[in-house]
Amino acid sequence: MKKAILATKVGMTQIFDEVGNLIPVTVLQAGPCVVTQVKTMDNDGYSAVQVGFVDKKDKIINKDKSGKKEIIHRHGVNKALKGHFEKAGVSSKRYVREFRFENAEEYALGNEIKADIFAEGDRVDATATSKGKGFQGAIKRHGQHRGPMAHGSKFHRHQGSNGACSSPSKVFKGKGMPGHMGSVKVTVQNLTVVRVDAEKNLLLVKGAVPGPKKALVTIKETTKVEA
């Protein structure tokens, strides 16, 4: 059975193991996720489980000067999604993702997936959107070297020669040039789960995980097999 869960990044810290070795870890608020849809081979052509994570906040407005409030609608959820969540018997969720499980039929609508599906020592893959860096030059974006910093150089932080003047008279694809940096989907593979707090739904993963604090992180059982 493949294991997966949605989490938010809390931040980084460090802990000590029983021997006294210092271990840098990323703290993840993993779940609880609820099953919002079960897809089967008969109905959908493949086996998967759709899960929701983080409740949507209700949008509340004042109806009169007395201070009486009434919930008008759930913030950011249209009628189609609202009906989808009500059919599953769960509250509206901010994030909805799908995991392909071979045993999807064993899940039922409304079932919870918590951090305790993972155990200490498990190997996982973490996927998130990396931090956005904006428009950056070739030195920061690609790690290129700068030119001489003397006054007559006129070549300090340029990305270098772009293309020959006669042959081939073009700039090849993949040339390292300035441009938008970061804010892309990044997966770090084969991370080790150091500690699991089932009561608080926390996962402590060794090393760094992509994305800023509060970023959505997908944690899956690793695809790499140890030799």
# chains A, B, ... in the order shown; residues from 1 in each chain; ligands from 1
>>> residues_around(residues="Asp116 of chain A", least_positions_apart="4", cutoff="10 Å", atoms="only C-alpha atoms", output="list in words")
Ala30, Gly31, Pro32, Glu120, Val196, Asp197, Ala198, Glu199, Asn201, Leu202 and Leu203 of chain A
>>> residues_around(residues="Ala208 of chain A", least_positions_apart="2", cutoff="12 Å", atoms="only C-alpha atoms", output="PyMOL selection string")
chain A and resi 9-14+23-28+125-128+130+186-193+204-206+210-213+217
>>> residues_around(residues="Glu106 of chain A", least_positions_apart="6", cutoff="12 Å", atoms="only C-alpha atoms", output="ChimeraX atom specification")
/A:1,35,38-40,47-49
>>> select_by_dssp(residues="chain A", states="strand (DSSP E)", output="JSON, numbers by chain")
{"A": [4, 5, 6, 7, 8, 9, 10, 11, 12, 13, 14, 15, 16, 22, 23, 24, 25, 26, 27, 28, 29, 30, 33, 34, 35, 36, 37, 38, 39, 48, 49, 50, 51, 52, 53, 54, 55, 58, 59, 60, 61, 62, 69, 70, 71, 72, 73, 74, 93, 94, 95, 96, 97, 98, 99, 112, 113, 123, 124, 125, 126, 127, 128, 129, 132, 133, 134, 135, 136, 179, 180, 181, 182, 185, 186, 187, 188, 189, 190, 191, 192, 193, 194, 195, 196, 197, 202, 203, 204, 205, 206, 216, 217, 218, 219, 220, 221]}
>>> residues_around(residues="Phe135 of chain A", least_positions_apart="2", cutoff="8 Å", atoms="only C-alpha atoms", output="ChimeraX atom specification")
/A:133,137,178-181
>>> select_by_dssp(residues="segment 20-189 of chain A", states="alpha helix (DSSP H)", output="short mmCIF file (atom, residue, chain, number, x, y, z; two decimals) with C-alpha atoms, in the first residue's frame")
data_model
loop_
_atom_site.label_atom_id
_atom_site.label_comp_id
_atom_site.auth_asym_id
_atom_site.auth_seq_id
_atom_site.Cartn_x
_atom_site.Cartn_y
_atom_site.Cartn_z
CA MET A 41 -11.61 1.00 -11.81
CA ASP A 42 -15.28 0.36 -12.57
CA ASN A 43 -16.43 3.98 -12.35
CA ASP A 44 -13.37 6.02 -13.27
CA LYS A 79 -22.01 25.63 -5.49
CA ALA A 80 -20.42 22.71 -7.32
CA LEU A 81 -17.64 22.28 -4.73
CA LYS A 82 -20.05 22.89 -1.88
CA GLY A 83 -22.27 20.06 -3.15
CA HIS A 84 -19.22 17.85 -3.64
CA PHE A 85 -18.16 18.31 0.00
CA GLU A 86 -21.71 17.89 1.31
CA LYS A 87 -22.05 14.61 -0.57
CA ALA A 88 -18.93 13.38 1.21
CA ALA A 138 22.65 34.61 -14.50
CA ILE A 139 25.02 34.59 -11.52
CA LYS A 140 22.32 34.01 -8.90
CA ARG A 141 19.98 32.04 -11.17
CA HIS A 142 22.52 29.63 -12.69
#
>>> closest_residue(among="A:Ile15, A:Val77, A:Val171, A:Val51", to="Val34 of chain A", atoms="only C-alpha atoms")
A:Val51
>>> closest_residue(among="A:Lys200, A:Lys175, A:Arg195, A:Arg157", to="Gly121 of chain A", atoms="only C-alpha atoms")
A:Arg195
